[in-house]
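> What follows is model_16.cif; its format and atoms are mmCIF, C-alpha atoms.
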data_final
#
loop_
_atom_site.label_atom_id
_atom_site.label_comp_id
_atom_site.auth_asym_id
_atom_site.auth_seq_id
_atom_site.Cartn_x
_atom_site.Cartn_y
_atom_site.Cartn_z
CA MET A 9 110.01 110.78 124.32
CA ILE A 10 109.76 107.26 122.88
CA SER A 11 106.03 107.58 122.24
CA LYS A 12 106.67 110.86 120.44
CA LYS A 13 109.33 109.21 118.28
CA LEU A 14 107.02 106.31 117.50
CA LYS A 15 104.34 108.81 116.50
CA PHE A 16 106.75 110.41 114.01
CA TYR A 17 107.80 107.00 112.67
CA TRP A 18 104.12 106.19 112.25
CA ILE A 19 103.63 109.39 110.20
CA MET A 20 106.69 108.56 108.10
CA ILE A 21 105.35 105.19 106.95
CA LYS A 22 102.15 106.91 105.65
CA PRO A 23 99.78 104.48 107.43
CA PHE A 24 96.84 104.89 105.03
CA GLN A 25 98.90 104.28 101.89
CA THR A 26 100.88 101.46 103.48
CA GLY A 27 97.64 99.94 104.81
CA LEU A 28 96.02 99.99 101.38
CA LEU A 29 99.06 98.39 99.71
CA LEU A 30 99.22 95.82 102.51
CA LEU A 31 95.56 95.03 101.88
CA THR A 32 96.28 94.46 98.19
CA GLY A 33 99.10 92.04 99.09
CA VAL A 34 96.91 90.14 101.56
CA THR A 35 94.11 90.04 98.97
CA GLY A 36 96.50 88.65 96.36
CA PHE A 37 97.48 85.91 98.82
CA ILE A 38 93.90 85.07 99.78
CA SER A 39 92.85 85.03 96.10
CA SER A 40 95.15 82.04 95.58
CA ARG A 41 92.71 80.08 97.79
CA CYS A 42 95.60 78.48 99.61
CA PRO A 43 95.07 77.59 103.27
CA VAL A 44 95.00 81.04 104.89
CA ILE A 45 95.00 79.38 108.30
CA ASN A 46 98.71 78.65 107.73
CA PHE A 47 99.65 81.05 110.50
CA GLY A 48 103.40 81.15 109.82
CA LYS A 49 103.06 81.99 106.12
CA PHE A 50 100.20 84.43 106.59
CA SER A 51 101.82 86.39 109.41
CA GLY A 52 105.14 86.28 107.53
CA LEU A 53 103.41 87.82 104.50
CA ILE A 54 101.84 90.60 106.56
CA LEU A 55 105.03 91.39 108.45
CA SER A 56 107.30 91.32 105.38
CA LEU A 57 104.92 93.55 103.40
CA LEU A 58 104.46 95.95 106.29
CA LEU A 59 108.20 96.29 106.83
CA THR A 60 109.20 96.64 103.17
CA ILE A 61 106.35 98.98 102.16
CA GLY A 62 106.80 101.09 105.30
CA GLY A 63 110.61 101.02 104.98
CA SER A 64 110.65 102.13 101.35
CA THR A 65 108.15 104.89 102.19
CA VAL A 66 110.51 106.16 104.90
CA LEU A 67 113.46 106.02 102.46
CA ASN A 68 111.41 108.02 99.93
CA MET A 69 110.85 110.68 102.57
CA VAL A 70 114.58 110.83 103.21
CA PHE A 71 115.44 111.35 99.54
CA ASP A 72 112.53 113.76 99.02
CA ARG A 73 113.21 115.89 102.11
CA ASP A 74 114.34 118.93 100.08
CA ILE A 75 111.17 118.74 97.95
CA ASP A 76 108.98 118.25 101.03
CA LEU A 77 110.46 121.39 102.56
CA LYS A 78 109.35 123.50 99.56
CA MET A 79 105.78 122.23 99.53
CA LEU A 80 103.11 123.51 101.91
CA ARG A 81 101.40 120.10 102.01
CA THR A 82 104.54 118.24 103.12
CA MET A 83 106.73 120.77 104.92
CA ARG A 84 105.44 119.67 108.34
CA ARG A 85 106.50 116.05 107.85
CA PRO A 86 108.95 114.79 110.52
CA ILE A 87 112.14 115.06 108.42
CA PRO A 88 111.74 118.52 106.79
CA SER A 89 110.42 119.96 110.06
CA GLY A 90 113.53 118.68 111.89
CA LYS A 91 111.71 116.37 114.29
CA ILE A 92 113.57 113.36 112.95
CA SER A 93 117.03 113.61 111.39
CA ALA A 94 117.56 112.33 107.84
CA LYS A 95 120.27 109.98 109.15
CA GLU A 96 117.96 108.44 111.72
CA ALA A 97 115.14 108.06 109.21
CA PHE A 98 117.52 106.50 106.68
CA LEU A 99 118.64 103.98 109.29
CA ILE A 100 115.04 103.14 110.21
CA GLY A 101 114.05 102.74 106.55
CA ILE A 102 117.06 100.53 105.71
CA ILE A 103 116.56 98.31 108.78
CA MET A 104 112.85 97.88 108.01
CA CYS A 105 113.59 96.97 104.38
CA ILE A 106 116.38 94.52 105.25
CA ILE A 107 114.35 92.68 107.91
CA GLY A 108 111.33 92.62 105.59
CA LEU A 109 113.42 91.28 102.71
CA ILE A 110 115.05 88.55 104.84
CA LEU A 111 111.57 87.49 105.91
CA ALA A 112 110.29 87.63 102.32
CA PHE A 113 113.14 85.53 100.91
CA SER A 114 112.74 83.01 103.73
CA LEU A 115 109.10 82.55 102.71
CA SER A 116 109.79 82.05 98.99
CA LEU A 117 112.52 83.02 96.53
CA LEU A 118 110.10 84.34 93.90
CA TYR A 119 108.10 86.27 96.50
CA GLY A 120 111.35 87.81 97.79
CA ILE A 121 112.44 88.80 94.28
CA LEU A 122 109.11 90.55 93.63
CA ILE A 123 109.30 92.41 96.93
CA LEU A 124 112.89 93.43 96.19
CA ALA A 125 111.83 94.61 92.72
CA GLY A 126 109.08 96.71 94.34
CA ILE A 127 111.59 98.43 96.62
CA LEU A 128 114.10 99.02 93.79
CA PHE A 129 111.44 100.47 91.47
CA ASP A 130 110.05 102.66 94.21
CA VAL A 131 113.18 104.03 95.84
CA PHE A 132 115.78 103.98 93.08
CA VAL A 133 113.92 104.20 89.76
CA TYR A 134 110.97 106.37 90.84
CA THR A 135 112.20 108.54 93.70
CA ILE A 136 115.94 108.93 93.18
CA TRP A 137 116.24 108.65 89.39
CA LEU A 138 113.09 109.81 87.58
CA LYS A 139 110.80 111.84 89.86
CA ARG A 140 112.70 115.09 89.27
CA LYS A 141 113.30 114.40 85.58
CA THR A 142 110.06 113.34 83.93
CA SER A 143 106.33 113.42 84.55
CA TRP A 144 106.22 109.80 83.33
CA SER A 145 108.00 108.69 86.51
CA ILE A 146 104.59 107.82 87.97
CA PHE A 147 104.48 104.83 85.66
CA TRP A 148 107.45 103.36 87.52
CA GLY A 149 105.94 104.35 90.83
CA GLY A 150 102.86 102.47 89.68
CA ILE A 151 104.89 99.33 88.96
CA SER A 152 106.26 99.32 92.50
CA GLY A 153 102.74 99.85 93.88
CA ALA A 154 101.53 96.87 91.87
CA MET A 155 104.13 94.53 93.36
CA PRO A 156 102.46 93.69 96.71
CA ILE A 157 99.33 92.17 95.12
CA LEU A 158 101.40 90.24 92.57
CA ALA A 159 103.80 89.08 95.28
CA GLY A 160 100.95 88.07 97.61
CA ARG A 161 99.30 85.93 94.94
CA THR A 162 102.65 84.48 93.85
CA LEU A 163 103.38 83.45 97.44
CA GLY A 164 100.03 81.64 97.53
CA ILE A 165 100.24 79.76 94.22
CA GLY A 166 104.00 79.49 93.81
CA TYR A 167 104.27 81.09 90.36
CA ILE A 168 103.24 84.26 88.47
CA ASP A 169 99.93 83.84 86.61
CA THR A 170 97.67 85.94 84.40
CA ILE A 171 95.22 86.70 87.23
CA GLY A 172 98.06 88.10 89.32
CA ILE A 173 99.22 90.21 86.39
CA MET A 174 95.67 91.56 85.84
CA PHE A 175 95.40 92.50 89.52
CA ALA A 176 98.83 94.14 89.34
CA LEU A 177 97.78 96.01 86.21
CA SER A 178 94.68 97.33 87.99
CA ILE A 179 96.85 98.81 90.76
CA LEU A 180 99.32 100.15 88.19
CA LEU A 181 96.46 101.94 86.41
CA TRP A 182 94.88 103.14 89.65
CA ILE A 183 98.07 104.86 90.84
CA PRO A 184 98.04 107.65 88.17
CA THR A 185 94.51 108.52 89.33
CA HIS A 186 95.89 108.98 92.82
CA ILE A 187 99.10 110.86 91.99
CA MET A 188 97.72 113.07 89.17
CA THR A 189 94.81 114.22 91.33
CA PHE A 190 97.33 115.38 93.92
CA ASN A 191 99.39 116.96 91.11
CA MET A 192 96.37 119.09 90.17
CA LEU A 193 95.20 119.87 93.70
CA TYR A 194 98.67 121.02 94.75
CA PHE A 195 99.75 122.32 91.35
CA ASN A 196 101.59 125.38 92.71
CA ASP A 197 103.38 123.32 95.34
CA TYR A 198 104.80 120.96 92.72
CA LYS A 199 105.73 123.90 90.51
CA LYS A 200 107.54 125.58 93.39
CA ALA A 201 109.45 122.37 94.08
CA ASP A 202 110.26 122.08 90.36
CA ILE A 203 108.78 118.60 90.01
CA PRO A 204 107.59 117.78 86.48
CA THR A 205 103.99 116.61 86.56
CA PHE A 206 101.36 115.68 83.97
CA PRO A 207 99.30 118.87 84.56
CA SER A 208 102.39 121.09 84.17
CA LYS A 209 103.52 119.34 81.00
CA TYR A 210 100.28 118.35 79.25
CA GLY A 211 97.72 120.66 80.86
CA PHE A 212 94.75 120.02 83.16
CA LYS A 213 92.38 118.90 80.40
CA ASN A 214 94.65 116.13 79.14
CA THR A 215 95.47 115.06 82.68
CA ARG A 216 91.77 114.71 83.49
CA MET A 217 91.40 112.59 80.38
CA VAL A 218 94.29 110.35 81.47
CA ILE A 219 92.81 110.03 84.97
CA ALA A 220 89.42 109.03 83.54
CA LEU A 221 90.93 106.51 81.13
CA SER A 222 93.26 105.00 83.72
CA SER A 223 90.34 104.66 86.17
CA ILE A 224 88.36 102.80 83.51
CA GLY A 225 91.40 100.67 82.69
CA ALA A 226 91.89 99.83 86.37
CA SER A 227 88.27 98.71 86.77
CA ILE A 228 88.42 96.58 83.59
CA SER A 229 91.63 94.90 84.77
CA VAL A 230 90.30 94.10 88.22
CA GLY A 231 87.04 92.91 86.60
CA ILE A 232 88.92 90.50 84.32
CA GLY A 233 90.97 89.27 87.28
CA ILE A 234 87.91 88.63 89.46
CA THR A 235 86.01 86.97 86.60
CA ALA A 236 88.98 84.71 85.89
CA LEU A 237 89.08 83.79 89.58
CA GLY A 238 85.60 82.33 89.13
CA LEU A 239 83.83 84.16 91.96
CA SER A 240 80.06 83.74 92.25
CA TRP A 241 77.80 85.91 90.09
CA GLY A 242 76.71 88.02 93.03
CA TYR A 243 80.21 89.36 93.53
CA LEU A 244 80.60 90.00 89.81
CA TRP A 245 77.29 91.91 89.74
CA LEU A 246 78.40 94.03 92.67
CA LEU A 247 81.67 94.84 90.95
CA ALA A 248 79.82 95.62 87.70
CA ILE A 249 77.57 98.07 89.59
CA LEU A 250 80.51 99.83 91.20
CA SER A 251 82.33 99.88 87.85
CA ALA A 252 79.29 101.54 86.25
CA GLY A 253 79.50 104.29 88.87
CA LEU A 254 83.21 104.72 88.17
CA PHE A 255 82.65 104.83 84.40
CA GLY A 256 79.88 107.42 84.86
CA LEU A 257 82.06 109.62 87.02
CA ALA A 258 85.04 109.24 84.64
CA ILE A 259 82.90 110.26 81.66
CA MET A 260 81.49 113.21 83.63
CA SER A 261 85.02 114.36 84.50
CA ILE A 262 85.81 114.44 80.76
CA LEU A 263 82.57 116.08 79.61
CA LYS A 264 82.05 118.48 82.55
CA PRO A 265 85.53 118.91 84.03
CA SER A 266 85.76 120.52 87.43
CA GLU A 267 87.95 120.23 90.49
CA LYS A 268 85.08 118.81 92.51
CA ILE A 269 84.26 116.03 90.05
CA ASN A 270 87.93 115.26 89.63
CA PHE A 271 88.48 114.97 93.38
CA GLY A 272 85.27 112.93 93.62
CA LEU A 273 86.59 110.56 90.96
CA PHE A 274 89.82 110.19 92.89
CA LYS A 275 87.94 109.35 96.10
CA TYR A 276 85.56 107.01 94.29
CA ALA A 277 88.46 105.23 92.54
CA SER A 278 90.21 104.73 95.91
CA LEU A 279 87.02 103.41 97.50
CA TYR A 280 86.41 101.24 94.42
CA MET A 281 89.82 99.67 94.70
CA LEU A 282 89.31 99.05 98.42
CA ILE A 283 85.93 97.38 97.82
CA ALA A 284 87.29 95.39 94.86
CA MET A 285 90.01 94.02 97.14
CA LEU A 286 87.44 93.11 99.81
CA ILE A 287 85.19 91.47 97.19
CA THR A 288 88.17 89.42 95.94
CA ALA A 289 89.20 88.38 99.44
CA ILE A 290 85.70 87.55 100.72
CA GLY A 291 84.65 85.95 97.43
CA SER A 292 87.73 83.74 97.40
CA VAL A 293 87.16 82.28 100.87
CA SER A 294 83.34 82.05 100.77
CA MET B 22 71.34 122.57 101.49
CA LYS B 23 72.06 120.67 104.71
CA LYS B 24 75.69 119.66 105.23
CA ILE B 25 76.30 115.94 105.44
CA SER B 26 77.08 114.86 109.01
CA VAL B 27 79.07 111.92 110.36
CA LEU B 28 75.83 110.19 111.38
CA ASP B 29 74.48 110.66 107.85
CA ARG B 30 77.63 109.10 106.46
CA ILE B 31 77.37 106.13 108.84
CA LEU B 32 73.72 105.55 107.89
CA LEU B 33 74.54 105.87 104.21
CA PHE B 34 77.45 103.48 104.58
CA LEU B 35 75.18 100.93 106.27
CA THR B 36 72.66 101.36 103.45
CA ALA B 37 75.37 100.70 100.87
CA PHE B 38 76.62 97.70 102.86
CA ILE B 39 73.16 96.12 103.15
CA SER B 40 72.42 96.83 99.47
CA GLY B 41 75.75 95.22 98.54
CA TYR B 42 74.84 92.20 100.68
CA TYR B 43 71.51 91.86 98.84
CA VAL B 44 73.18 92.12 95.45
CA VAL B 45 75.70 89.42 96.37
CA ASN B 46 73.41 87.02 98.23
CA GLY B 47 69.93 87.88 97.04
CA LEU B 48 70.68 87.06 93.44
CA GLU B 49 71.61 83.46 93.97
CA LYS B 50 67.99 82.57 94.78
CA TYR B 51 66.46 84.02 91.64
CA GLN B 52 67.30 84.08 87.99
CA GLY B 53 66.54 85.91 84.77
CA ILE B 54 64.60 89.15 84.71
CA VAL B 55 64.20 89.29 88.51
CA THR B 56 67.97 89.35 88.88
CA LEU B 57 68.17 92.22 86.45
CA TYR B 58 65.53 94.33 88.24
CA PHE B 59 67.00 93.51 91.61
CA THR B 60 70.47 94.50 90.48
CA ILE B 61 69.26 97.74 88.90
CA ALA B 62 67.40 98.76 92.06
CA PHE B 63 70.07 97.95 94.59
CA GLY B 64 72.87 98.89 92.22
CA ILE B 65 71.54 102.41 91.79
CA LEU B 66 71.00 102.60 95.52
CA ILE B 67 74.64 101.66 96.18
CA THR B 68 76.12 104.09 93.67
CA THR B 69 73.78 106.91 94.75
CA VAL B 70 74.73 106.36 98.38
CA ILE B 71 78.45 106.38 97.53
CA PHE B 72 78.00 109.59 95.54
CA LEU B 73 76.14 111.13 98.49
CA ILE B 74 78.95 110.15 100.86
CA LEU B 75 81.61 111.57 98.53
CA PHE B 76 79.87 114.72 97.23
CA GLY B 77 77.39 115.53 100.00
CA PHE B 78 73.69 116.37 99.65
CA GLU B 79 74.46 119.03 97.01
CA ILE B 80 74.48 116.27 94.42
CA LEU B 81 70.69 116.03 94.84
CA ASN B 82 70.48 119.35 92.98
CA GLU B 83 71.54 117.54 89.81
CA PRO B 84 68.43 116.59 87.81
CA ILE B 85 70.08 113.40 86.54
CA VAL B 86 70.29 112.05 90.09
CA VAL B 87 66.55 112.52 90.60
CA VAL B 88 65.77 110.87 87.26
CA VAL B 89 68.08 107.92 87.85
CA ALA B 90 66.77 107.50 91.41
CA THR B 91 63.28 106.78 90.01
CA PHE B 92 64.68 103.49 88.72
CA ILE B 93 64.96 102.20 92.31
CA PRO B 94 61.22 102.02 93.19
CA SER B 95 60.35 101.15 89.59
CA SER B 96 62.66 98.15 89.54
CA LEU B 97 61.64 96.94 92.99
CA ARG B 98 57.98 97.35 92.11
CA LEU B 99 58.50 95.11 89.09
CA THR B 100 60.19 92.33 91.06
CA LYS B 101 57.54 92.13 93.78
CA PRO B 102 54.56 90.78 91.82
CA ILE B 103 56.82 88.49 89.85
CA LEU B 104 58.21 86.90 92.97
CA ALA B 105 54.85 86.79 94.69
CA GLN B 106 52.97 85.04 91.93
CA ASN B 107 55.83 83.13 90.38
CA ARG B 108 54.36 83.62 86.93
CA ILE B 109 57.19 85.47 85.32
CA ASN B 110 56.45 84.75 81.69
CA SER B 111 52.82 85.78 81.79
CA LEU B 112 53.25 88.86 83.95
CA ILE B 113 56.33 90.50 82.54
CA PRO B 114 54.97 91.76 79.20
CA LYS B 115 51.96 93.44 80.84
CA LEU B 116 53.98 94.93 83.67
CA LEU B 117 56.75 96.06 81.41
CA PHE B 118 54.34 97.99 79.19
CA LEU B 119 52.59 99.70 82.11
CA ALA B 120 55.82 100.42 83.91
CA SER B 121 57.48 101.75 80.77
CA LEU B 122 54.47 103.96 80.05
CA GLY B 123 54.53 105.43 83.54
CA PHE B 124 58.23 105.79 83.32
CA VAL B 125 58.18 107.71 80.03
CA ILE B 126 55.44 110.03 81.33
CA GLY B 127 57.43 110.62 84.51
CA LEU B 128 60.63 111.35 82.64
CA SER B 129 58.95 113.72 80.20
CA LEU B 130 57.37 115.65 83.11
CA GLU B 131 60.78 115.90 84.76
#
Translate the structure of the given file into structure tokens.


Amino acid sequence: MISKKLKFYWIMIKPFQTGLLLLTGVTGFISSRCPVINFGKFSGLILSLLLTIGGSTVLNMVFDRDIDLKMLRTMRRPIPSGKISAKEAFLIGIIMCIIGLILAFSLSLLYGILILAGILFDVFVYTIWLKRKTSWSIFWGGISGAMPILAGRTLGIGYIDTIGIMFALSILLWIPTHIMTFNMLYFNDYKKADIPTFPSKYGFKNTRMVIALSSIGASISVGIGITALGLSWGYLWLLAILSAGLFGLAIMSILKPSEKINFGLFKYASLYMLIAMLITAIGSVS
Amino acid sequence: MKKISVLDRILLFLTAFISGYYVVNGLEKYQGIVTLYFTIAFGILITTVIFLILFGFEILNEPIVVVVATFIPSSLRLTKPILAQNRINSLIPKLLFLASLGFVIGLSLE
């Protein structure tokens, strides 16, 4: 019974998405080149990020349960399928967020404020307020997604700097690639749920253009951030190579648009961001 | 065309990982034109491998992939004699002309 419940909780925190955002936060922290061996601070960072990202994801699922029920892709999630009640999920999400926030504020005031801003942008501005009203809501979703890396770096250096903002901008620009690809792949689902999306408002062609441009923007931002960090040339070359691949794919998706290339660009952009984070983390400590 | 298997993906991932390692670490020993050739060769290898992992072997049907892939041996071939003889300035012009000639012929045949 308990293991079954835990399995549903695990699904509700979207482990892959939470893991990727956690990685960005940890990377931001490591990029500050502060002593990572500081066990208390480092484990506090991981735990606070895990709890707040996971908690806000659960809260999103609570507020989106009626949408999830209308969409084939999401109707089997624990809340719409009735495996977990909305009340229980709400309680879990709130508890996770509160514990995570207490931990975050105990580590640093500025770090706590950034984490709180991430939750507010994600749950209130994006999910509750704008998601059902405008296709531009993803911009605000992007801001909340950019908070972990900015918060991680801020915790390490003690203040918000340009490098942190560039890293945050790269995540902010990467998020439309992620969401808009899903908007196109599950176009009918979103239409059925009456959610305004870029493809439904501006068409597939324009959406592909936005995805390509935001992918390029994300790679430029992360490139500026890594260059400003002063990593060795080898790491910069590797990033330049991967960026060239991303640029090529983005241009191809504009010139020869197809679902396959578009989905490939989405997967490449996700992999690119993952590798860019690893390059930043490894390059900062080596 | 053969479907890409899990084992294929693992091997391709290892190839990309090793190529990435060479780009990061191999470049610190050399400078100038060698770095450029080295980066071109391993860089194309990395991106090609990632494309293969993401799109499968069907991508090999695209002529551009075949053309771009010829850069890998060409670039590596150019670095080898340079490193071996350590006479970069005297060798490069001759090699560049021959390599470019072969390259243009190859591309036009393609």

> Restricting the calculation to all atoms listed in the file, which member of B:Thr91, B:Asn82, B:Thr68, B:Thr56 is positioned closest to chain A?

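When distances to chain A are compared using all atoms listed in the file, the smallest one comes from B:Thr68.
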
> I need the contact residues of chain B against chain A, so if you could list those with any atom within 8 Å, counting only C-alpha atoms, and return them as an MDAnalysis selection string, that would help.

chainID B and resid 41 44:49 60 64:65 67:68 71 75:76

> Please measure the separation of CA of Met192 in chain A and CA of Phe24 in chain A, giving the value in Å to one decimal.

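Distance between the two atoms: 20.6 Å.
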
> Apply the PyMOL selection byres ((chain A and resi 41) around 10) to the file shown and report the selected residues as JSON, numbers by chain.

{"A": [36, 37, 38, 39, 40, 42, 43, 44, 161, 164, 165, 237, 289, 291, 292, 293]}

> When you draw a straight line from CA of Phe50 in chain A to CA of Thr26 in chain A, how long is it in Å?

17.3 Å

> Name the residues captured by the PyMOL selection byres ((chain A and resi 217) around 10) when it is applied to the shown file; answer as a PyMOL selection string.

chain A and resi 212-216+218-223+258-259+261-263+265

> Once the PyMOL selection byres ((chain B and resi 30-37) around 9) is applied to the coordinates I shared, what remains selected? I want it as a PDB file with C-alpha atoms, keeping the file's coordinate frame.


ATOM      1  CA  ILE B  25      76.300 115.940 105.440  1.00  0.00           C
ATOM      2  CA  SER B  26      77.080 114.860 109.010  1.00  0.00           C
ATOM      3  CA  VAL B  27      79.070 111.920 110.360  1.00  0.00           C
ATOM      4  CA  LEU B  28      75.830 110.190 111.380  1.00  0.00           C
ATOM      5  CA  ASP B  29      74.480 110.660 107.850  1.00  0.00           C
ATOM      6  CA  PHE B  38      76.620  97.700 102.860  1.00  0.00           C
ATOM      7  CA  ILE B  39      73.160  96.120 103.150  1.00  0.00           C
ATOM      8  CA  SER B  40      72.420  96.830  99.470  1.00  0.00           C
ATOM      9  CA  GLY B  41      75.750  95.220  98.540  1.00  0.00           C
ATOM     10  CA  TYR B  42      74.840  92.200 100.680  1.00  0.00           C
ATOM     11  CA  PHE B  63      70.070  97.950  94.590  1.00  0.00           C
ATOM     12  CA  LEU B  66      71.000 102.600  95.520  1.00  0.00           C
ATOM     13  CA  ILE B  67      74.640 101.660  96.180  1.00  0.00           C
ATOM     14  CA  THR B  68      76.120 104.090  93.670  1.00  0.00           C
ATOM     15  CA  THR B  69      73.780 106.910  94.750  1.00  0.00           C
ATOM     16  CA  VAL B  70      74.730 106.360  98.380  1.00  0.00           C
ATOM     17  CA  ILE B  71      78.450 106.380  97.530  1.00  0.00           C
ATOM     18  CA  LEU B  73      76.140 111.130  98.490  1.00  0.00           C
ATOM     19  CA  ILE B  74      78.950 110.150 100.860  1.00  0.00           C
TER      20      ILE B  74
END

> Considering all atoms listed in the file, state which residue in the set A:Ser229, A:Ser278, A:Ser51, A:Ser116 is at the smallest distance from Phe175 in chain A.

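Nearest to Phe175 in chain A: A:Ser229.
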
> Leaving out Ile21 in chain A and any residue of its chain fewer than 4 positions from it, which residues lie within 12 Å of it when counting only C-alpha atoms, given as an NGL selection string?

:A and (14-17 or 25-27 or 29 or 58-70 or 85-86 or 97 or 100-101 or 104-105)

> Quick check, in Å to one decimal: how far apart do CA of Asp72 in chain A and CA of Thr135 in chain A lie?

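If I compute the distance from CA of Asp72 in chain A to CA of Thr135 in chain A, I get 7.5 Å.
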